[in-house]
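Peer 1: Below is a structure I'd like to ask you about.
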Amino acid sequence: MLSLIIYKAIVCVAVFLLALGVAAYATLWERKFAAFLQDRKGPSRAGKWGLLQPLADGGKMFMKEEIIPNVSNRSLFILGPSLFMVTAVMTSAVIPWGKPLMIGGHLYDLQITDINIGVIYLLGVVSIGVYGIMIGGWASNNKFALLGAVRASSQMISYEIAMGISLIALIISAGGSLSLKDIIEGQDAGWCNFVYQPLGFLIFFICALAETNRAPFDLPECETELVGGYHTEYSSMKLGLFLFAEYINMFISSAIMAGFYFGGYNFPFATEFYAWLGLEEGSWLISLIGFGAYFTKIFLFICLFMWVRWTLPRFRYDQLMNLGWKTLLPLSLFNLALTVVIEIFIRKTIPFHF
Amino acid sequence: MLGLTITQWLFGILSFLAIMFALMVVFTRNPVNSVLYLVLTFFCIAGHYLLLNAQFLAVVHIVVYAGAIMVLFLFIIMLMNLNADTEPRKHIVTRLIAGVIGGMLLIVMVGALKGAEQLTIVRAGASQIGLVKNLGQVLFHEFLFPFEVASILLLAALVGAIMIGKRDTNTNDKKVINN
């Protein structure tokens, strides 16, 4: 019991540091990637290839003067970015990062917790994430910040619906379990879920772009219309938390997409490969290779996020709402109906009787 | 510790917090703070669901109430820009009547507690009834008809809300001309 608690504590700290580290270096990679697409060099002064740039940015953020507007609601002003950051990190709790490890004769999961409602937990935490932006924007006591916050939250609420419905279709075709571990384990042999849910993946990906407030859906911080959007009044590390949480969100949603639709830590012919290497279940190497496979997928998705950001122009607000409500929502409902029909009549995974 | 189990301790703490936050909802002057306390109250109630081993209900409670309904509440309150200064002061008679009616409601609720001893207590904490699978089985077999009726009711409410919210172009044009 005690060893389990210690192990869980270590995993918690490790996942937290991992999320922060990946997010920090995602900022550098974003700038490098943008530079590549725009035929520039990108950050190159701090360290080799700019490798120390995230540390320099962080140091700068901490040392900036911190301004809290006099007329704003002080406690809520501080609560806003904190809440946004907390909810961004909380989603990582249910993601399984690799195959179970054998330590001292026991199998330990590389996951903080495997709850049987993992998918709904994710949706719940995402829906709570809206509060951070809303509270922060309102407490700034600035009309641009308030407008930005209202835009951000209405955008997030609108796209949550299509996202939820595309997830229902995924769960039906993945065997009906709401646990993330079961969904990923179910893809270890045969095809990954993307083969059965291509439309669902497309909808989920667009919704993930909108939920993380990334371009082309970065209307909440649309500079040309709203100054800085919901974080207009924020400075120093509070602004840093808002910006940083966006990268954590991007990392986590990449992890979720890679896990849900592309098999997570599984890869083609994984079982044969491990057998060829002569590895037994619970070996360190299996966990490590699986973790590496998962991270390659996550990295590719992060690149996709950035590619989209530096390629597509921003939507207009009415286009955003039309896309969400009039295109994605009917499309996800159609996908759900199609999935059910396929599961019942073609794959016959669901028994059909009156 | 005082002969209580961990579950009982959690129940006590959660109940205390829920009641305290519920009181704060009423006593806070600022409407935005009041909404945020209500969200905290919902979280405490979700904790109670977890103690009853109803994980699905707990998370759905958070998604629907804290994540959707209260966000819309917050929206409206923020856009209406209600401040503590603009709070209307009610007439003394109104306040007196409100106090009397509230007190009567309290008496009724305390009276209802008297019958509570006769109820048989089901130890829900040990059962698996709250898990998603069991809940789905019960909803879609035993209570299929009421479930579908409830969903049609929700759909009707949705259509009604859209009809009310839809802009009537004719009347709007008239207003513009009159102004």
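The chains in the structure tokens are called A, B, ... from first to last as shown; in each chain the residues are counted from 1, and the ligands are counted from 1 in the order shown.
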Could I get the residues of chain A with an atom no further than 12 Å from an atom of chain B, each paired with its nearest atom pair and that distance in Å to one decimal, using only C-alpha atoms, sorted by chain and residue number, as a tab-separated table?
Peer 2:
```
residue	atom	partner	partner_atom	distance
A:Asn73	CA	B:Asn33	CA	10.1
A:Ser75	CA	B:Asn33	CA	10.4
A:Leu76	CA	B:Asn33	CA	8.8
A:Leu79	CA	B:Leu36	CA	11.3
A:Gly80	CA	B:Leu36	CA	11.9
A:Ile115	CA	B:Gln55	CA	9.0
A:Asn116	CA	B:Val132	CA	7.9
A:Ile117	CA	B:Phe56	CA	6.6
A:Gly118	CA	B:Val59	CA	9.8
A:Val119	CA	B:Val59	CA	10.2
A:Ile120	CA	B:Val59	CA	6.7
A:Tyr121	CA	B:Val59	CA	6.2
A:Leu122	CA	B:Val59	CA	9.5
A:Leu123	CA	B:Val63	CA	7.1
A:Gly124	CA	B:Val63	CA	4.7
A:Val125	CA	B:Val63	CA	8.0
A:Val126	CA	B:Gly67	CA	8.4
A:Ser127	CA	B:Gly67	CA	4.8
A:Ile128	CA	B:Gly67	CA	5.3
A:Gly129	CA	B:Gly67	CA	8.5
A:Val130	CA	B:Val71	CA	7.8
A:Tyr131	CA	B:Val71	CA	7.3
A:Gly132	CA	B:Val71	CA	11.0
A:Ile133	CA	B:Val71	CA	11.1
A:Met134	CA	B:Phe75	CA	8.3
A:Ile135	CA	B:Val32	CA	9.0
A:Gly136	CA	B:Met78	CA	11.8
A:Gly137	CA	B:Met78	CA	10.0
A:Trp138	CA	B:Met78	CA	7.0
A:Ala139	CA	B:Met78	CA	9.8
A:Ser140	CA	B:Met78	CA	11.9
A:Asn141	CA	B:Asn81	CA	10.3
A:Asn142	CA	B:Met78	CA	11.8
A:Lys143	CA	B:Leu79	CA	10.1
A:Ala145	CA	B:Met78	CA	11.9
A:Leu146	CA	B:Met78	CA	8.3
A:Leu147	CA	B:Leu79	CA	9.2
A:Ala149	CA	B:Phe75	CA	9.5
A:Val150	CA	B:Phe75	CA	7.1
A:Arg151	CA	B:Phe75	CA	10.4
A:Ala152	CA	B:Phe75	CA	11.4
A:Ser153	CA	B:Val71	CA	8.2
A:Ser154	CA	B:Leu72	CA	9.0
A:Met156	CA	B:Ala68	CA	10.6
A:Ile157	CA	B:Ala68	CA	7.5
A:Ser158	CA	B:Ala68	CA	10.5
A:Glu160	CA	B:Ala68	CA	10.1
A:Ile161	CA	B:Ala68	CA	10.6
A:Gly164	CA	B:Val63	CA	11.2
A:Gly176	CA	B:Lys133	CA	9.3
A:Ser177	CA	B:Lys133	CA	8.9
A:Leu178	CA	B:Val132	CA	8.6
A:Ser179	CA	B:Val132	CA	10.9
A:Phe354	CA	B:His141	CA	11.7
```
Peer 1: Could the residues in this selection be saved with N, CA and C atoms as a short mmCIF file (atom, residue, chain, number, x, y, z; two decimals), in the first residue's frame?
Peer 2:
```
data_model
loop_
_atom_site.label_atom_id
_atom_site.label_comp_id
_atom_site.auth_asym_id
_atom_site.auth_seq_id
_atom_site.Cartn_x
_atom_site.Cartn_y
_atom_site.Cartn_z
N ASN A 73 -10.86 43.28 -9.51
CA ASN A 73 -11.11 42.42 -8.36
C ASN A 73 -9.85 41.59 -8.12
N SER A 75 -8.51 39.33 -5.94
CA SER A 75 -8.38 37.88 -5.73
C SER A 75 -8.77 37.11 -6.99
N LEU A 76 -9.83 37.59 -7.65
CA LEU A 76 -10.25 36.89 -8.87
C LEU A 76 -9.23 37.09 -9.98
N LEU A 79 -6.82 34.53 -9.35
CA LEU A 79 -7.40 33.19 -9.49
C LEU A 79 -7.46 32.76 -10.96
N GLY A 80 -7.76 33.72 -11.86
CA GLY A 80 -7.97 33.39 -13.27
C GLY A 80 -6.86 32.57 -13.89
N ILE A 115 -9.31 5.63 -14.06
CA ILE A 115 -10.69 5.62 -13.59
C ILE A 115 -11.58 5.13 -14.71
N ASN A 116 -12.72 4.54 -14.33
CA ASN A 116 -13.58 3.94 -15.36
C ASN A 116 -14.42 4.98 -16.09
N ILE A 117 -14.21 6.27 -15.78
CA ILE A 117 -14.96 7.31 -16.49
C ILE A 117 -13.98 8.30 -17.09
N GLY A 118 -12.79 7.79 -17.50
CA GLY A 118 -11.70 8.67 -17.94
C GLY A 118 -12.11 9.70 -18.98
N VAL A 119 -12.89 9.26 -19.98
CA VAL A 119 -13.24 10.16 -21.08
C VAL A 119 -14.14 11.29 -20.57
N ILE A 120 -15.10 10.94 -19.70
CA ILE A 120 -16.00 11.99 -19.19
C ILE A 120 -15.23 12.91 -18.25
N TYR A 121 -14.26 12.34 -17.52
CA TYR A 121 -13.41 13.18 -16.67
C TYR A 121 -12.70 14.23 -17.51
N LEU A 122 -12.17 13.80 -18.68
CA LEU A 122 -11.49 14.75 -19.57
C LEU A 122 -12.44 15.87 -19.98
N LEU A 123 -13.66 15.49 -20.40
CA LEU A 123 -14.62 16.50 -20.82
C LEU A 123 -14.95 17.44 -19.66
N GLY A 124 -15.07 16.86 -18.47
CA GLY A 124 -15.38 17.68 -17.29
C GLY A 124 -14.30 18.70 -17.02
N VAL A 125 -13.04 18.27 -17.04
CA VAL A 125 -11.94 19.19 -16.77
C VAL A 125 -11.87 20.27 -17.85
N VAL A 126 -12.09 19.86 -19.11
CA VAL A 126 -12.06 20.85 -20.20
C VAL A 126 -13.15 21.89 -19.99
N SER A 127 -14.33 21.43 -19.54
CA SER A 127 -15.42 22.40 -19.36
C SER A 127 -15.15 23.33 -18.19
N ILE A 128 -14.36 22.86 -17.19
CA ILE A 128 -14.02 23.74 -16.08
C ILE A 128 -12.97 24.78 -16.52
N GLY A 129 -12.17 24.40 -17.54
CA GLY A 129 -11.11 25.30 -18.01
C GLY A 129 -11.62 26.65 -18.47
N VAL A 130 -12.91 26.70 -18.87
CA VAL A 130 -13.49 27.96 -19.31
C VAL A 130 -13.45 29.01 -18.20
N TYR A 131 -13.60 28.55 -16.94
CA TYR A 131 -13.66 29.51 -15.83
C TYR A 131 -12.41 30.36 -15.71
N GLY A 132 -11.24 29.74 -15.93
CA GLY A 132 -10.00 30.50 -15.81
C GLY A 132 -10.01 31.72 -16.70
N ILE A 133 -10.39 31.52 -17.96
CA ILE A 133 -10.43 32.64 -18.92
C ILE A 133 -11.50 33.64 -18.54
N MET A 134 -12.69 33.13 -18.20
CA MET A 134 -13.79 34.05 -17.90
C MET A 134 -13.50 34.91 -16.68
N ILE A 135 -13.00 34.25 -15.61
CA ILE A 135 -12.73 34.99 -14.38
C ILE A 135 -11.62 36.01 -14.63
N GLY A 136 -10.57 35.55 -15.33
CA GLY A 136 -9.45 36.46 -15.60
C GLY A 136 -9.90 37.65 -16.43
N GLY A 137 -10.68 37.40 -17.48
CA GLY A 137 -11.12 38.48 -18.35
C GLY A 137 -12.04 39.46 -17.65
N TRP A 138 -12.92 38.91 -16.80
CA TRP A 138 -13.86 39.80 -16.12
C TRP A 138 -13.17 40.62 -15.04
N ALA A 139 -12.30 39.95 -14.28
CA ALA A 139 -11.64 40.63 -13.16
C ALA A 139 -10.70 41.72 -13.64
N SER A 140 -10.30 41.71 -14.92
CA SER A 140 -9.41 42.75 -15.42
C SER A 140 -10.10 44.11 -15.46
N ASN A 141 -11.44 44.12 -15.46
CA ASN A 141 -12.20 45.36 -15.51
C ASN A 141 -11.84 46.18 -16.74
N ASN A 142 -11.80 45.52 -17.88
CA ASN A 142 -11.42 46.18 -19.11
C ASN A 142 -12.34 45.61 -20.17
N LYS A 143 -12.93 46.48 -21.00
CA LYS A 143 -13.97 45.94 -21.88
C LYS A 143 -13.38 45.04 -22.95
N ALA A 145 -10.83 43.03 -22.50
CA ALA A 145 -10.58 41.75 -21.84
C ALA A 145 -11.89 40.99 -21.67
N LEU A 146 -12.95 41.71 -21.29
CA LEU A 146 -14.24 41.05 -21.08
C LEU A 146 -14.75 40.46 -22.40
N LEU A 147 -14.64 41.25 -23.48
CA LEU A 147 -15.09 40.74 -24.78
C LEU A 147 -14.28 39.52 -25.19
N ALA A 149 -12.82 37.43 -23.21
CA ALA A 149 -13.19 36.30 -22.36
C ALA A 149 -14.51 35.69 -22.82
N VAL A 150 -15.48 36.56 -23.16
CA VAL A 150 -16.78 36.07 -23.59
C VAL A 150 -16.64 35.29 -24.90
N ARG A 151 -15.82 35.84 -25.80
CA ARG A 151 -15.56 35.14 -27.05
C ARG A 151 -14.93 33.78 -26.80
N ALA A 152 -13.89 33.78 -25.95
CA ALA A 152 -13.18 32.53 -25.70
C ALA A 152 -14.12 31.49 -25.13
N SER A 153 -14.93 31.89 -24.12
CA SER A 153 -15.74 30.86 -23.49
C SER A 153 -16.86 30.42 -24.40
N SER A 154 -17.46 31.33 -25.19
CA SER A 154 -18.53 30.86 -26.06
C SER A 154 -17.96 29.94 -27.14
N MET A 156 -15.33 27.95 -26.72
CA MET A 156 -15.01 26.66 -26.11
C MET A 156 -16.27 25.85 -25.85
N ILE A 157 -17.35 26.53 -25.40
CA ILE A 157 -18.59 25.80 -25.14
C ILE A 157 -19.15 25.24 -26.44
N SER A 158 -19.11 26.05 -27.53
CA SER A 158 -19.68 25.60 -28.80
C SER A 158 -18.97 24.37 -29.34
N GLU A 160 -17.18 22.19 -27.62
CA GLU A 160 -17.21 21.04 -26.72
C GLU A 160 -18.28 20.04 -27.16
N ILE A 161 -19.37 20.55 -27.73
CA ILE A 161 -20.50 19.67 -28.05
C ILE A 161 -20.11 18.71 -29.17
N GLY A 164 -17.64 16.20 -27.88
CA GLY A 164 -18.24 15.14 -27.08
C GLY A 164 -18.92 14.10 -27.95
N GLY A 176 -16.72 0.31 -26.15
CA GLY A 176 -17.64 0.71 -25.10
C GLY A 176 -17.03 1.03 -23.76
N SER A 177 -15.71 1.04 -23.62
CA SER A 177 -15.12 1.37 -22.33
C SER A 177 -14.77 2.85 -22.29
N LEU A 178 -15.01 3.47 -21.11
CA LEU A 178 -14.68 4.89 -20.96
C LEU A 178 -13.30 5.09 -20.36
N SER A 179 -12.58 3.99 -20.10
CA SER A 179 -11.25 4.12 -19.52
C SER A 179 -10.23 4.29 -20.63
N PHE A 354 -34.82 -6.79 -31.05
CA PHE A 354 -35.91 -5.96 -30.55
C PHE A 354 -36.41 -6.50 -29.23
#
```
Peer 1: Which of segment 23-269 of chain A end up as helix (DSSP H, G or I) when DSSP is run on this backbone - answer as a PyMOL selection string?
Peer 2: chain A and resi 23-37+48-50+53-63+74-94+118-139+143-173+180-185+193-196+198-211+219-221+223-226+229-231+236-262
Peer 1: What is the atom CA of Gly105 of chain A-atom CA of Glu185 of chain A distance in Å, reported with one decimal?
Peer 2: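 For atom CA of Gly105 of chain A relative to atom CA of Glu185 of chain A, the distance reads 21.6 Å.
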Peer 1: What's the 12 Å shell around Tyr274 of chain A, counting only C-alpha atoms, without same-chain residues fewer than 6 positions away, as a PDB file with N, CA, C and O atoms, in the first residue's frame?
Peer 2:
```pdb
ATOM      1  N   ASN A 266       1.131   1.842 -28.604  1.00  0.00           N
ATOM      2  CA  ASN A 266       1.254   0.692 -29.503  1.00  0.00           C
ATOM      3  C   ASN A 266       1.769   1.156 -30.851  1.00  0.00           C
ATOM      4  O   ASN A 266       1.600   2.313 -31.222  1.00  0.00           O
ATOM      5  N   PHE A 267       2.397   0.265 -31.578  1.00  0.00           N
ATOM      6  CA  PHE A 267       2.775   0.568 -32.954  1.00  0.00           C
ATOM      7  C   PHE A 267       2.658  -0.712 -33.762  1.00  0.00           C
ATOM      8  O   PHE A 267       2.543  -1.803 -33.184  1.00  0.00           O
ATOM      9  N   PRO A 268       2.636  -0.619 -35.109  1.00  0.00           N
ATOM     10  CA  PRO A 268       2.415  -1.823 -35.906  1.00  0.00           C
ATOM     11  C   PRO A 268       3.448  -2.913 -35.600  1.00  0.00           C
ATOM     12  O   PRO A 268       4.640  -2.615 -35.434  1.00  0.00           O
ATOM     13  N   GLU A 280      10.265  -9.766 -22.069  1.00  0.00           N
ATOM     14  CA  GLU A 280       9.104 -10.291 -21.377  1.00  0.00           C
ATOM     15  C   GLU A 280       8.222  -9.146 -20.910  1.00  0.00           C
ATOM     16  O   GLU A 280       8.674  -8.007 -20.829  1.00  0.00           O
ATOM     17  N   GLU A 281       6.966  -9.495 -20.579  1.00  0.00           N
ATOM     18  CA  GLU A 281       6.030  -8.457 -20.126  1.00  0.00           C
ATOM     19  C   GLU A 281       6.547  -7.791 -18.852  1.00  0.00           C
ATOM     20  O   GLU A 281       7.037  -8.459 -17.947  1.00  0.00           O
ATOM     21  N   GLY A 282       6.432  -6.460 -18.789  1.00  0.00           N
ATOM     22  CA  GLY A 282       6.883  -5.740 -17.616  1.00  0.00           C
ATOM     23  C   GLY A 282       8.330  -5.301 -17.698  1.00  0.00           C
ATOM     24  O   GLY A 282       8.837  -4.688 -16.774  1.00  0.00           O
ATOM     25  N   SER A 283       8.972  -5.597 -18.812  1.00  0.00           N
ATOM     26  CA  SER A 283      10.372  -5.192 -18.935  1.00  0.00           C
ATOM     27  C   SER A 283      10.480  -3.672 -19.098  1.00  0.00           C
ATOM     28  O   SER A 283       9.593  -3.025 -19.640  1.00  0.00           O
ATOM     29  N   TRP A 284      11.581  -3.133 -18.608  1.00  0.00           N
ATOM     30  CA  TRP A 284      11.809  -1.691 -18.704  1.00  0.00           C
ATOM     31  C   TRP A 284      11.848  -1.243 -20.156  1.00  0.00           C
ATOM     32  O   TRP A 284      11.347  -0.194 -20.512  1.00  0.00           O
ATOM     33  N   LEU A 285      12.445  -2.112 -20.988  1.00  0.00           N
ATOM     34  CA  LEU A 285      12.663  -1.721 -22.372  1.00  0.00           C
ATOM     35  C   LEU A 285      11.343  -1.583 -23.121  1.00  0.00           C
ATOM     36  O   LEU A 285      11.172  -0.675 -23.940  1.00  0.00           O
ATOM     37  N   ILE A 286      10.399  -2.493 -22.810  1.00  0.00           N
ATOM     38  CA  ILE A 286       9.090  -2.421 -23.473  1.00  0.00           C
ATOM     39  C   ILE A 286       8.418  -1.099 -23.137  1.00  0.00           C
ATOM     40  O   ILE A 286       7.907  -0.394 -24.023  1.00  0.00           O
ATOM     41  N   SER A 287       8.414  -0.740 -21.852  1.00  0.00           N
ATOM     42  CA  SER A 287       7.811   0.528 -21.451  1.00  0.00           C
ATOM     43  C   SER A 287       8.491   1.676 -22.153  1.00  0.00           C
ATOM     44  O   SER A 287       7.845   2.614 -22.641  1.00  0.00           O
ATOM     45  N   LEU A 288       9.824   1.597 -22.233  1.00  0.00           N
ATOM     46  CA  LEU A 288      10.588   2.694 -22.819  1.00  0.00           C
ATOM     47  C   LEU A 288      10.283   2.827 -24.312  1.00  0.00           C
ATOM     48  O   LEU A 288      10.064   3.939 -24.812  1.00  0.00           O
ATOM     49  N   ILE A 289      10.254   1.679 -25.023  1.00  0.00           N
ATOM     50  CA  ILE A 289       9.987   1.747 -26.469  1.00  0.00           C
ATOM     51  C   ILE A 289       8.573   2.259 -26.713  1.00  0.00           C
ATOM     52  O   ILE A 289       8.335   3.109 -27.586  1.00  0.00           O
ATOM     53  N   GLY A 290       7.601   1.755 -25.904  1.00  0.00           N
ATOM     54  CA  GLY A 290       6.224   2.216 -26.050  1.00  0.00           C
ATOM     55  C   GLY A 290       6.108   3.708 -25.806  1.00  0.00           C
ATOM     56  O   GLY A 290       5.452   4.430 -26.557  1.00  0.00           O
TER      57      GLY A 290
END
```
Peer 1: May I have the residues within 7 Å of segment 209-212 of chain A as a PDB file with all heavy atoms, in the first residue's frame, using only C-alpha atoms and disregarding those fewer than 3 positions away in the same chain?
Peer 2:
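See result_9.pdb below for the written result:
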```pdb
ATOM      1  N   MET A 156     -15.332  27.946 -26.721  1.00  0.00           N
ATOM      2  CA  MET A 156     -15.012  26.656 -26.112  1.00  0.00           C
ATOM      3  C   MET A 156     -16.267  25.847 -25.854  1.00  0.00           C
ATOM      4  O   MET A 156     -16.299  24.634 -26.085  1.00  0.00           O
ATOM      5  CB  MET A 156     -14.224  26.861 -24.824  1.00  0.00           C
ATOM      6  CG  MET A 156     -12.792  27.263 -25.096  1.00  0.00           C
ATOM      7  SD  MET A 156     -11.952  27.821 -23.637  1.00  0.00           S
ATOM      8  CE  MET A 156     -11.275  26.295 -23.041  1.00  0.00           C
ATOM      9  N   TYR A 159     -17.653  24.346 -29.221  1.00  0.00           N
ATOM     10  CA  TYR A 159     -16.928  23.229 -29.827  1.00  0.00           C
ATOM     11  C   TYR A 159     -16.862  22.005 -28.932  1.00  0.00           C
ATOM     12  O   TYR A 159     -16.531  20.919 -29.392  1.00  0.00           O
ATOM     13  CB  TYR A 159     -15.528  23.679 -30.239  1.00  0.00           C
ATOM     14  CG  TYR A 159     -15.555  24.430 -31.553  1.00  0.00           C
ATOM     15  CD1 TYR A 159     -15.966  25.743 -31.594  1.00  0.00           C
ATOM     16  CD2 TYR A 159     -15.239  23.805 -32.745  1.00  0.00           C
ATOM     17  CE1 TYR A 159     -16.045  26.430 -32.782  1.00  0.00           C
ATOM     18  CE2 TYR A 159     -15.308  24.482 -33.944  1.00  0.00           C
ATOM     19  CZ  TYR A 159     -15.711  25.797 -33.952  1.00  0.00           C
ATOM     20  OH  TYR A 159     -15.798  26.459 -35.133  1.00  0.00           O
ATOM     21  N   PHE A 205     -10.118  16.731 -34.205  1.00  0.00           N
ATOM     22  CA  PHE A 205      -8.925  17.565 -34.396  1.00  0.00           C
ATOM     23  C   PHE A 205      -9.308  19.038 -34.525  1.00  0.00           C
ATOM     24  O   PHE A 205      -8.693  19.905 -33.892  1.00  0.00           O
ATOM     25  CB  PHE A 205      -8.163  17.101 -35.640  1.00  0.00           C
ATOM     26  CG  PHE A 205      -6.955  17.925 -35.940  1.00  0.00           C
ATOM     27  CD1 PHE A 205      -5.891  17.943 -35.062  1.00  0.00           C
ATOM     28  CD2 PHE A 205      -6.892  18.711 -37.077  1.00  0.00           C
ATOM     29  CE1 PHE A 205      -4.773  18.703 -35.316  1.00  0.00           C
ATOM     30  CE2 PHE A 205      -5.782  19.475 -37.343  1.00  0.00           C
ATOM     31  CZ  PHE A 205      -4.715  19.479 -36.456  1.00  0.00           C
ATOM     32  N   ILE A 206     -10.353  19.321 -35.305  1.00  0.00           N
ATOM     33  CA  ILE A 206     -10.780  20.721 -35.456  1.00  0.00           C
ATOM     34  C   ILE A 206     -11.230  21.274 -34.103  1.00  0.00           C
ATOM     35  O   ILE A 206     -10.886  22.395 -33.718  1.00  0.00           O
ATOM     36  CB  ILE A 206     -11.905  20.817 -36.501  1.00  0.00           C
ATOM     37  CG1 ILE A 206     -11.376  20.392 -37.866  1.00  0.00           C
ATOM     38  CG2 ILE A 206     -12.443  22.225 -36.573  1.00  0.00           C
ATOM     39  CD1 ILE A 206     -12.435  20.301 -38.922  1.00  0.00           C
ATOM     40  N   PHE A 217      -8.313  29.396 -34.841  1.00  0.00           N
ATOM     41  CA  PHE A 217      -9.398  29.728 -33.927  1.00  0.00           C
ATOM     42  C   PHE A 217      -8.913  30.629 -32.796  1.00  0.00           C
ATOM     43  O   PHE A 217      -9.424  30.546 -31.704  1.00  0.00           O
ATOM     44  CB  PHE A 217      -9.998  28.457 -33.324  1.00  0.00           C
ATOM     45  CG  PHE A 217     -10.566  27.523 -34.344  1.00  0.00           C
ATOM     46  CD1 PHE A 217      -9.856  26.429 -34.773  1.00  0.00           C
ATOM     47  CD2 PHE A 217     -11.821  27.751 -34.864  1.00  0.00           C
ATOM     48  CE1 PHE A 217     -10.388  25.567 -35.701  1.00  0.00           C
ATOM     49  CE2 PHE A 217     -12.350  26.886 -35.797  1.00  0.00           C
ATOM     50  CZ  PHE A 217     -11.639  25.794 -36.217  1.00  0.00           C
ATOM     51  N   GLU A 246      -1.561  27.327 -22.696  1.00  0.00           N
ATOM     52  CA  GLU A 246      -1.967  27.008 -24.060  1.00  0.00           C
ATOM     53  C   GLU A 246      -1.087  25.887 -24.614  1.00  0.00           C
ATOM     54  O   GLU A 246      -1.581  24.960 -25.268  1.00  0.00           O
ATOM     55  CB  GLU A 246      -1.844  28.256 -24.929  1.00  0.00           C
ATOM     56  CG  GLU A 246      -2.275  28.026 -26.357  1.00  0.00           C
ATOM     57  CD  GLU A 246      -1.959  29.217 -27.250  1.00  0.00           C
ATOM     58  OE1 GLU A 246      -2.206  30.352 -26.816  1.00  0.00           O
ATOM     59  OE2 GLU A 246      -1.442  29.002 -28.358  1.00  0.00           O
ATOM     60  N   ASN A 249      -2.026  22.646 -22.942  1.00  0.00           N
ATOM     61  CA  ASN A 249      -3.256  22.143 -23.558  1.00  0.00           C
ATOM     62  C   ASN A 249      -2.963  21.478 -24.882  1.00  0.00           C
ATOM     63  O   ASN A 249      -3.529  20.439 -25.213  1.00  0.00           O
ATOM     64  CB  ASN A 249      -4.234  23.294 -23.782  1.00  0.00           C
ATOM     65  CG  ASN A 249      -5.019  23.617 -22.542  1.00  0.00           C
ATOM     66  OD1 ASN A 249      -5.265  22.736 -21.724  1.00  0.00           O
ATOM     67  ND2 ASN A 249      -5.401  24.861 -22.386  1.00  0.00           N
ATOM     68  N   MET A 250      -2.064  22.098 -25.659  1.00  0.00           N
ATOM     69  CA  MET A 250      -1.737  21.549 -26.969  1.00  0.00           C
ATOM     70  C   MET A 250      -1.068  20.180 -26.814  1.00  0.00           C
ATOM     71  O   MET A 250      -1.398  19.232 -27.521  1.00  0.00           O
ATOM     72  CB  MET A 250      -0.799  22.515 -27.679  1.00  0.00           C
ATOM     73  CG  MET A 250      -0.623  22.236 -29.123  1.00  0.00           C
ATOM     74  SD  MET A 250       0.146  23.633 -29.909  1.00  0.00           S
ATOM     75  CE  MET A 250       1.835  23.369 -29.490  1.00  0.00           C
TER      76      MET A 250
END
```
Peer 1: Neighbouring residues of Leu55 of chain A were defined as those with any atom within 12 Å, considering only C-alpha atoms; residues of the same chain fewer than 2 positions away were excluded. Please report them as a VMD selection string.
Peer 2: chain A and resid 20 to 21 23 to 25 27 to 28 46 to 47 50 to 53 57 to 62
Peer 1: Provide the atom CA of Ile152 of chain B to atom CA of Leu323 of chain A distance in Å, to one decimal place.
Peer 2: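 Distance reported for this atom pair: 26.1 Å.
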Peer 1: Between A:Phe36, A:Phe84, A:Trp97, A:Trp307, which is the closest to Gly263 of chain A once you count only C-alpha atoms?
Peer 2: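 The shortest atom-to-atom distance to Gly263 of chain A comes from A:Trp97.
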Peer 1: Atom CA of Gly292 of chain A to atom CA of Pro96 of chain A: how many Å, to one decimal?
Peer 2: 13.0 Å
Peer 1: Fewer than 5 positions away in the same chain doesn't count, so skip those; otherwise give me all residues within 12 Å of Ile45 of chain B, counting only C-alpha atoms, as a VMD selection string.
Peer 2: chain B and resid 10 to 11 13 to 19 21 to 22 38 to 40 50 to 52 54 to 55 57 to 62 65 to 66
